[in-house]
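Asker: Below is one structure. I have some questions about it.
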Amino acid sequence: MTADIKHADVELRDAIQAFVADFSHADLERFKPGIAQWSDQWQGVPATHLPAADFLPDSLETASHEIKPMVELLARHANDVKWEQTYTKADSAISEKMLTTYGFVEVIGSRGPFVSDQVRSGIGVYGPGIGYPPHQHKAEEIYIVLAGGAEYRLAGQPPRHAKPGDLVFVPSMLTHGFYTSDEAMVVYYIWQAGDLREVSTFV
Ligand SMILES: [Fe+2]
């Protein structure tokens, strides 16, 4: 491992690996090997900031006991990590409100900081009262709510409110979206078995 590897990246990786190993849910089992086998290949990514990061202190209030450490860790390192967005103003399906309040921090993925072409994983923040419109992608996906909550809509299933500690599994190409409550939602996410940087298709 590189000598000057960023401390924040290592702490986040270790926390995620421990979190996934300890989290018991049938739908998570198929994702566990990919998380456990993360390589030590690391590349530095420049720290950036997005307004989404500013929700983290309040999110600590709604994080449940078991998952609070994950939110605390991200809050502590909020200025040491790269906040990203996939969508831009050119994506007409995405509201201005979502663009100004969402962001994610990738911990493992094709662009690092821990490099993998198999798994994409990190933590996302979605502001209060936003709708993530129905979309699909080839990768199968896991969301575990860490703080706040949302009403998830998955094609063919009744709407479901997900709160801290709840897991939502999205099979490959299944249309899905959500509406956050009046608090920001913090989620841990995993993608696997697909193009890890595919831009979702709105349907
Ligand atoms: Fe998705």
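Each chain in the structure tokens gets a letter, A, B, ..., in the order shown, and its residues are numbered from 1; ligands are numbered from 1 in order too.
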Find the nearest atom pair between each residue of chain A and ligand 1 for residues within 10 Å, count only C-alpha atoms and all ligand atoms, give distances in Å to one decimal, sort rows by chain and ascending number, and present the table as JSON lines.

Answerer:
```
{"residue": "A:Tyr132", "atom": "CA", "partner": "ligand 1", "partner_atom_place_in_ligand_line": "1 (Fe)", "distance": 9.3}
{"residue": "A:Pro134", "atom": "CA", "partner": "ligand 1", "partner_atom_place_in_ligand_line": "1 (Fe)", "distance": 8.9}
{"residue": "A:His135", "atom": "CA", "partner": "ligand 1", "partner_atom_place_in_ligand_line": "1 (Fe)", "distance": 6.8}
{"residue": "A:Gln136", "atom": "CA", "partner": "ligand 1", "partner_atom_place_in_ligand_line": "1 (Fe)", "distance": 6.3}
{"residue": "A:His137", "atom": "CA", "partner": "ligand 1", "partner_atom_place_in_ligand_line": "1 (Fe)", "distance": 6.6}
{"residue": "A:Lys138", "atom": "CA", "partner": "ligand 1", "partner_atom_place_in_ligand_line": "1 (Fe)", "distance": 9.3}
{"residue": "A:Ala139", "atom": "CA", "partner": "ligand 1", "partner_atom_place_in_ligand_line": "1 (Fe)", "distance": 8.2}
{"residue": "A:Glu140", "atom": "CA", "partner": "ligand 1", "partner_atom_place_in_ligand_line": "1 (Fe)", "distance": 8.0}
{"residue": "A:Glu141", "atom": "CA", "partner": "ligand 1", "partner_atom_place_in_ligand_line": "1 (Fe)", "distance": 6.3}
{"residue": "A:Ile142", "atom": "CA", "partner": "ligand 1", "partner_atom_place_in_ligand_line": "1 (Fe)", "distance": 8.4}
{"residue": "A:Tyr143", "atom": "CA", "partner": "ligand 1", "partner_atom_place_in_ligand_line": "1 (Fe)", "distance": 8.6}
{"residue": "A:Phe169", "atom": "CA", "partner": "ligand 1", "partner_atom_place_in_ligand_line": "1 (Fe)", "distance": 9.7}
{"residue": "A:Val170", "atom": "CA", "partner": "ligand 1", "partner_atom_place_in_ligand_line": "1 (Fe)", "distance": 7.3}
{"residue": "A:Pro171", "atom": "CA", "partner": "ligand 1", "partner_atom_place_in_ligand_line": "1 (Fe)", "distance": 9.5}
{"residue": "A:Ser172", "atom": "CA", "partner": "ligand 1", "partner_atom_place_in_ligand_line": "1 (Fe)", "distance": 9.3}
{"residue": "A:Met173", "atom": "CA", "partner": "ligand 1", "partner_atom_place_in_ligand_line": "1 (Fe)", "distance": 9.1}
{"residue": "A:Leu174", "atom": "CA", "partner": "ligand 1", "partner_atom_place_in_ligand_line": "1 (Fe)", "distance": 8.9}
{"residue": "A:Thr175", "atom": "CA", "partner": "ligand 1", "partner_atom_place_in_ligand_line": "1 (Fe)", "distance": 8.3}
{"residue": "A:His176", "atom": "CA", "partner": "ligand 1", "partner_atom_place_in_ligand_line": "1 (Fe)", "distance": 6.7}
{"residue": "A:Gly177", "atom": "CA", "partner": "ligand 1", "partner_atom_place_in_ligand_line": "1 (Fe)", "distance": 7.4}
{"residue": "A:Phe178", "atom": "CA", "partner": "ligand 1", "partner_atom_place_in_ligand_line": "1 (Fe)", "distance": 9.8}
{"residue": "A:Tyr189", "atom": "CA", "partner": "ligand 1", "partner_atom_place_in_ligand_line": "1 (Fe)", "distance": 9.0}
{"residue": "A:Ile190", "atom": "CA", "partner": "ligand 1", "partner_atom_place_in_ligand_line": "1 (Fe)", "distance": 9.5}
{"residue": "A:Trp191", "atom": "CA", "partner": "ligand 1", "partner_atom_place_in_ligand_line": "1 (Fe)", "distance": 8.3}
{"residue": "A:Val199", "atom": "CA", "partner": "ligand 1", "partner_atom_place_in_ligand_line": "1 (Fe)", "distance": 9.6}
{"residue": "A:Ser200", "atom": "CA", "partner": "ligand 1", "partner_atom_place_in_ligand_line": "1 (Fe)", "distance": 7.1}
{"residue": "A:Thr201", "atom": "CA", "partner": "ligand 1", "partner_atom_place_in_ligand_line": "1 (Fe)", "distance": 9.6}
```

Asker: Please produce a file of the residues just selected, as a CSV table (one decimal), in the first residue's frame, where the atoms kept are C-alpha atoms.

Answerer:
```
chain,number,residue,atom,x,y,z
A,132,TYR,CA,-35.1,10.8,-7.3
A,134,PRO,CA,-37.6,6.4,-11.6
A,135,HIS,CA,-34.5,5.1,-13.3
A,136,GLN,CA,-32.6,1.9,-14.1
A,137,HIS,CA,-29.1,0.6,-14.7
A,138,LYS,CA,-27.5,-2.8,-15.4
A,139,ALA,CA,-25.6,-3.0,-12.0
A,140,GLU,CA,-27.5,-4.6,-9.2
A,141,GLU,CA,-27.6,-2.3,-6.2
A,142,ILE,CA,-28.0,-2.2,-2.4
A,143,TYR,CA,-29.0,0.8,-0.4
A,169,PHE,CA,-32.1,-4.4,-2.9
A,170,VAL,CA,-32.5,-3.3,-6.5
A,171,PRO,CA,-32.0,-6.1,-9.1
A,172,SER,CA,-30.3,-5.4,-12.4
A,173,MET,CA,-32.5,-3.2,-14.7
A,174,LEU,CA,-35.4,-2.9,-12.2
A,175,THR,CA,-36.9,0.6,-12.3
A,176,HIS,CA,-36.5,2.3,-9.0
A,177,GLY,CA,-36.7,5.8,-7.4
A,178,PHE,CA,-37.4,7.4,-4.1
A,189,TYR,CA,-24.6,2.0,-1.3
A,190,ILE,CA,-23.1,-0.8,-3.3
A,191,TRP,CA,-23.2,-1.5,-7.1
A,199,VAL,CA,-25.2,6.8,-16.1
A,200,SER,CA,-28.7,5.7,-15.1
A,201,THR,CA,-31.5,5.8,-17.7
```

Asker: Quick check for you: according to DSSP on this backbone, which residues of chain A are classed as strand (DSSP E or B)? Reply as a PyMOL selection string.

Answerer: chain A and resi 42+83-84+103-109+114-115+119-126+131-136+140-147+150-154+160-162+167-170+176-180+185-192+201-202

Asker: Under the rule of at most 10 Å, produce a per-residue listing of segment 27-118 of chain A near segment 145-163 of chain A: chain, number, name, the closest pair of atoms, and the distance in Å, as JSON lines, using only C-alpha atoms.

Answerer:
```
{"residue": "A:Leu56", "atom": "CA", "partner": "A:Ala147", "partner_atom": "CA", "distance": 9.1}
{"residue": "A:Asp58", "atom": "CA", "partner": "A:Ala147", "partner_atom": "CA", "distance": 9.4}
{"residue": "A:Ser59", "atom": "CA", "partner": "A:Ala147", "partner_atom": "CA", "distance": 5.7}
{"residue": "A:Leu60", "atom": "CA", "partner": "A:Ala147", "partner_atom": "CA", "distance": 7.1}
{"residue": "A:Glu61", "atom": "CA", "partner": "A:Ala147", "partner_atom": "CA", "distance": 8.0}
{"residue": "A:Thr62", "atom": "CA", "partner": "A:Ala147", "partner_atom": "CA", "distance": 5.2}
{"residue": "A:Ala63", "atom": "CA", "partner": "A:Ala147", "partner_atom": "CA", "distance": 4.3}
{"residue": "A:Ser64", "atom": "CA", "partner": "A:Ala147", "partner_atom": "CA", "distance": 7.2}
{"residue": "A:His65", "atom": "CA", "partner": "A:Leu146", "partner_atom": "CA", "distance": 9.9}
{"residue": "A:Glu66", "atom": "CA", "partner": "A:Leu146", "partner_atom": "CA", "distance": 9.2}
{"residue": "A:Ile67", "atom": "CA", "partner": "A:Leu146", "partner_atom": "CA", "distance": 6.0}
{"residue": "A:Lys68", "atom": "CA", "partner": "A:Leu146", "partner_atom": "CA", "distance": 7.3}
{"residue": "A:Pro69", "atom": "CA", "partner": "A:Leu146", "partner_atom": "CA", "distance": 9.7}
{"residue": "A:Met70", "atom": "CA", "partner": "A:Leu146", "partner_atom": "CA", "distance": 7.8}
{"residue": "A:Val71", "atom": "CA", "partner": "A:Leu146", "partner_atom": "CA", "distance": 7.0}
```

Asker: With only C-alpha atoms as the basis for distance, which of A:Glu72, A:Ser110, A:Pro133, A:Glu183 is at the shortest distance from Ala93 of chain A?

Answerer: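 Of A:Glu72, A:Ser110, A:Pro133, A:Glu183, the one nearest Ala93 of chain A, counting only C-alpha atoms, is A:Pro133.
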
Asker: Between A:Asp22, A:Asp117, A:Asp54, A:Asp27, which has the minimum distance to His77 of chain A (counting only C-alpha atoms)?

Answerer: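 Ranking A:Asp22, A:Asp117, A:Asp54, A:Asp27 by distance to His77 of chain A, first place goes to A:Asp54.
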
Asker: How many Å lie between atom CA of Phe31 of chain A and atom CA of Ser121 of chain A, rounded to one decimal?

Answerer: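 Computing the Euclidean distance for atom CA of Phe31 of chain A and atom CA of Ser121 of chain A yields 10.6 Å.
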
Asker: With distances taken over only C-alpha atoms, which residue among A:Phe114, A:Phe55, A:Tyr188, A:Phe23 lies nearest Asp9 of chain A?

Answerer: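 With only C-alpha atoms as the atom set, the closest residue is A:Phe114.
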
Asker: Going by DSSP on the backbone, which bits of segment 28-138 of chain A are helix (DSSP H, G or I)? Write them as an mmCIF file with N, CA and C atoms, in the first residue's frame, please.

Answerer:
```cif
data_model
loop_
_atom_site.group_PDB
_atom_site.id
_atom_site.type_symbol
_atom_site.label_atom_id
_atom_site.label_comp_id
_atom_site.auth_asym_id
_atom_site.auth_seq_id
_atom_site.Cartn_x
_atom_site.Cartn_y
_atom_site.Cartn_z
ATOM 1 N N LEU A 28 -27.990 -9.052 1.177
ATOM 2 C CA LEU A 28 -26.620 -8.522 1.202
ATOM 3 C C LEU A 28 -25.580 -9.621 0.965
ATOM 4 N N GLU A 29 -25.980 -10.886 1.160
ATOM 5 C CA GLU A 29 -25.009 -11.979 1.101
ATOM 6 C C GLU A 29 -24.249 -12.011 -0.223
ATOM 7 N N ARG A 30 -24.954 -11.810 -1.327
ATOM 8 C CA ARG A 30 -24.307 -11.894 -2.640
ATOM 9 C C ARG A 30 -23.315 -10.745 -2.870
ATOM 10 N N PHE A 31 -23.419 -9.688 -2.060
ATOM 11 C CA PHE A 31 -22.513 -8.543 -2.197
ATOM 12 C C PHE A 31 -21.300 -8.656 -1.263
ATOM 13 N N LYS A 32 -21.427 -9.492 -0.250
ATOM 14 C CA LYS A 32 -20.368 -9.527 0.772
ATOM 15 C C LYS A 32 -18.995 -9.940 0.224
ATOM 16 N N PRO A 33 -18.913 -10.959 -0.658
ATOM 17 C CA PRO A 33 -17.568 -11.337 -1.125
ATOM 18 C C PRO A 33 -16.850 -10.181 -1.813
ATOM 19 N N GLY A 34 -17.558 -9.423 -2.632
ATOM 20 C CA GLY A 34 -16.932 -8.305 -3.344
ATOM 21 C C GLY A 34 -16.404 -7.246 -2.398
ATOM 22 N N ILE A 35 -17.129 -7.018 -1.303
ATOM 23 C CA ILE A 35 -16.690 -6.025 -0.321
ATOM 24 C C ILE A 35 -15.503 -6.561 0.481
ATOM 25 N N ALA A 36 -15.564 -7.817 0.851
ATOM 26 C CA ALA A 36 -14.488 -8.412 1.661
ATOM 27 C C ALA A 36 -13.186 -8.491 0.876
ATOM 28 N N PRO A 51 -22.705 21.083 -1.113
ATOM 29 C CA PRO A 51 -23.621 21.424 -0.018
ATOM 30 C C PRO A 51 -24.203 20.196 0.684
ATOM 31 N N ALA A 52 -24.281 19.064 -0.028
ATOM 32 C CA ALA A 52 -24.829 17.844 0.591
ATOM 33 C C ALA A 52 -24.095 17.502 1.888
ATOM 34 N N ALA A 53 -22.803 17.802 1.923
ATOM 35 C CA ALA A 53 -22.007 17.473 3.109
ATOM 36 C C ALA A 53 -22.506 18.200 4.349
ATOM 37 N N ASP A 54 -23.128 19.354 4.134
ATOM 38 C CA ASP A 54 -23.549 20.173 5.274
ATOM 39 C C ASP A 54 -24.752 19.588 6.025
ATOM 40 N N PHE A 55 -25.391 18.567 5.453
ATOM 41 C CA PHE A 55 -26.504 17.912 6.152
ATOM 42 C C PHE A 55 -26.020 16.926 7.219
ATOM 43 N N LEU A 56 -24.759 16.546 7.139
ATOM 44 C CA LEU A 56 -24.288 15.450 7.996
ATOM 45 C C LEU A 56 -24.434 15.705 9.498
ATOM 46 N N PRO A 57 -24.106 16.897 9.996
ATOM 47 C CA PRO A 57 -24.261 17.083 11.455
ATOM 48 C C PRO A 57 -25.689 16.819 11.931
ATOM 49 N N ASP A 58 -26.692 17.330 11.199
ATOM 50 C CA ASP A 58 -28.080 17.084 11.601
ATOM 51 C C ASP A 58 -28.462 15.619 11.411
ATOM 52 N N SER A 59 -27.866 14.970 10.413
ATOM 53 C CA SER A 59 -28.195 13.563 10.158
ATOM 54 C C SER A 59 -27.786 12.667 11.316
ATOM 55 N N LEU A 60 -26.815 13.123 12.066
ATOM 56 C CA LEU A 60 -26.393 12.326 13.222
ATOM 57 C C LEU A 60 -27.548 12.129 14.195
ATOM 58 N N GLU A 61 -28.494 13.080 14.192
ATOM 59 C CA GLU A 61 -29.631 12.993 15.118
ATOM 60 C C GLU A 61 -30.537 11.813 14.791
ATOM 61 N N THR A 62 -30.656 11.479 13.496
ATOM 62 C CA THR A 62 -31.600 10.418 13.115
ATOM 63 C C THR A 62 -30.909 9.082 12.871
ATOM 64 N N LYS A 68 -24.669 4.848 13.523
ATOM 65 C CA LYS A 68 -24.212 6.210 13.791
ATOM 66 C C LYS A 68 -22.704 6.383 13.538
ATOM 67 N N PRO A 69 -21.872 5.390 13.900
ATOM 68 C CA PRO A 69 -20.432 5.569 13.674
ATOM 69 C C PRO A 69 -20.071 5.820 12.214
ATOM 70 N N MET A 70 -20.813 5.230 11.277
ATOM 71 C CA MET A 70 -20.537 5.459 9.856
ATOM 72 C C MET A 70 -20.805 6.915 9.487
ATOM 73 N N VAL A 71 -21.905 7.461 10.002
ATOM 74 C CA VAL A 71 -22.256 8.851 9.694
ATOM 75 C C VAL A 71 -21.273 9.797 10.380
ATOM 76 N N GLU A 72 -20.905 9.452 11.609
ATOM 77 C CA GLU A 72 -19.936 10.277 12.349
ATOM 78 C C GLU A 72 -18.595 10.329 11.621
ATOM 79 N N LEU A 73 -18.191 9.183 11.125
ATOM 80 C CA LEU A 73 -16.909 9.094 10.426
ATOM 81 C C LEU A 73 -16.914 9.971 9.181
ATOM 82 N N LEU A 74 -17.998 9.893 8.417
ATOM 83 C CA LEU A 74 -18.073 10.716 7.206
ATOM 84 C C LEU A 74 -18.160 12.196 7.564
ATOM 85 N N ALA A 75 -18.907 12.504 8.622
ATOM 86 C CA ALA A 75 -19.021 13.902 9.046
ATOM 87 C C ALA A 75 -17.644 14.442 9.444
ATOM 88 N N ARG A 76 -16.879 13.610 10.137
ATOM 89 C CA ARG A 76 -15.545 14.026 10.593
ATOM 90 C C ARG A 76 -14.599 14.255 9.408
ATOM 91 N N GLU A 96 -33.813 20.874 -9.889
ATOM 92 C CA GLU A 96 -32.816 21.811 -9.373
ATOM 93 C C GLU A 96 -32.576 21.556 -7.880
ATOM 94 N N LYS A 97 -33.662 21.240 -7.182
ATOM 95 C CA LYS A 97 -33.558 20.987 -5.735
ATOM 96 C C LYS A 97 -32.667 19.778 -5.455
ATOM 97 N N MET A 98 -32.823 18.728 -6.270
ATOM 98 C CA MET A 98 -31.966 17.563 -6.064
ATOM 99 C C MET A 98 -30.518 17.915 -6.367
ATOM 100 N N LEU A 99 -30.307 18.649 -7.453
ATOM 101 C CA LEU A 99 -28.926 18.992 -7.830
ATOM 102 C C LEU A 99 -28.219 19.828 -6.763
ATOM 103 N N THR A 100 -29.000 20.628 -6.052
ATOM 104 C CA THR A 100 -28.348 21.489 -5.061
ATOM 105 C C THR A 100 -28.202 20.816 -3.700
ATOM 106 N N THR A 101 -28.800 19.634 -3.542
ATOM 107 C CA THR A 101 -28.741 19.029 -2.199
ATOM 108 C C THR A 101 -28.234 17.593 -2.171
#
```

Asker: What is the distance between atom CA of Gln41 of chain A and atom CA of Val119 of chain A, in Å to one decimal?

Answerer: 13.2 Å

Asker: At what distance in Å, to one decimal, does atom CA of Glu198 of chain A lie from atom CA of Gly127 of chain A?

Answerer: 22.8 Å

Asker: With only C-alpha atoms as the basis for distance, which of A:Asp91, A:His25, A:Leu196, A:Val105 is at the shortest distance from Ala8 of chain A?

Answerer: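 Using only C-alpha atoms, the shortest distance to Ala8 of chain A belongs to A:Val105.
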
Asker: Let me make sure I understand: among A:Ile94, A:Ser24, A:Ile108, A:Trp83, which one has the smallest atom-to-atom distance to Gln43 of chain A if we use only C-alpha atoms?

Answerer: A:Ile108

Asker: Quick one: of A:Gly122, A:Gly103, A:Gly194, A:Pro128, who's nearest to Phe19 of chain A, counting only C-alpha atoms?

Answerer: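 When distances to Phe19 of chain A are compared using only C-alpha atoms, the smallest one comes from A:Gly122.
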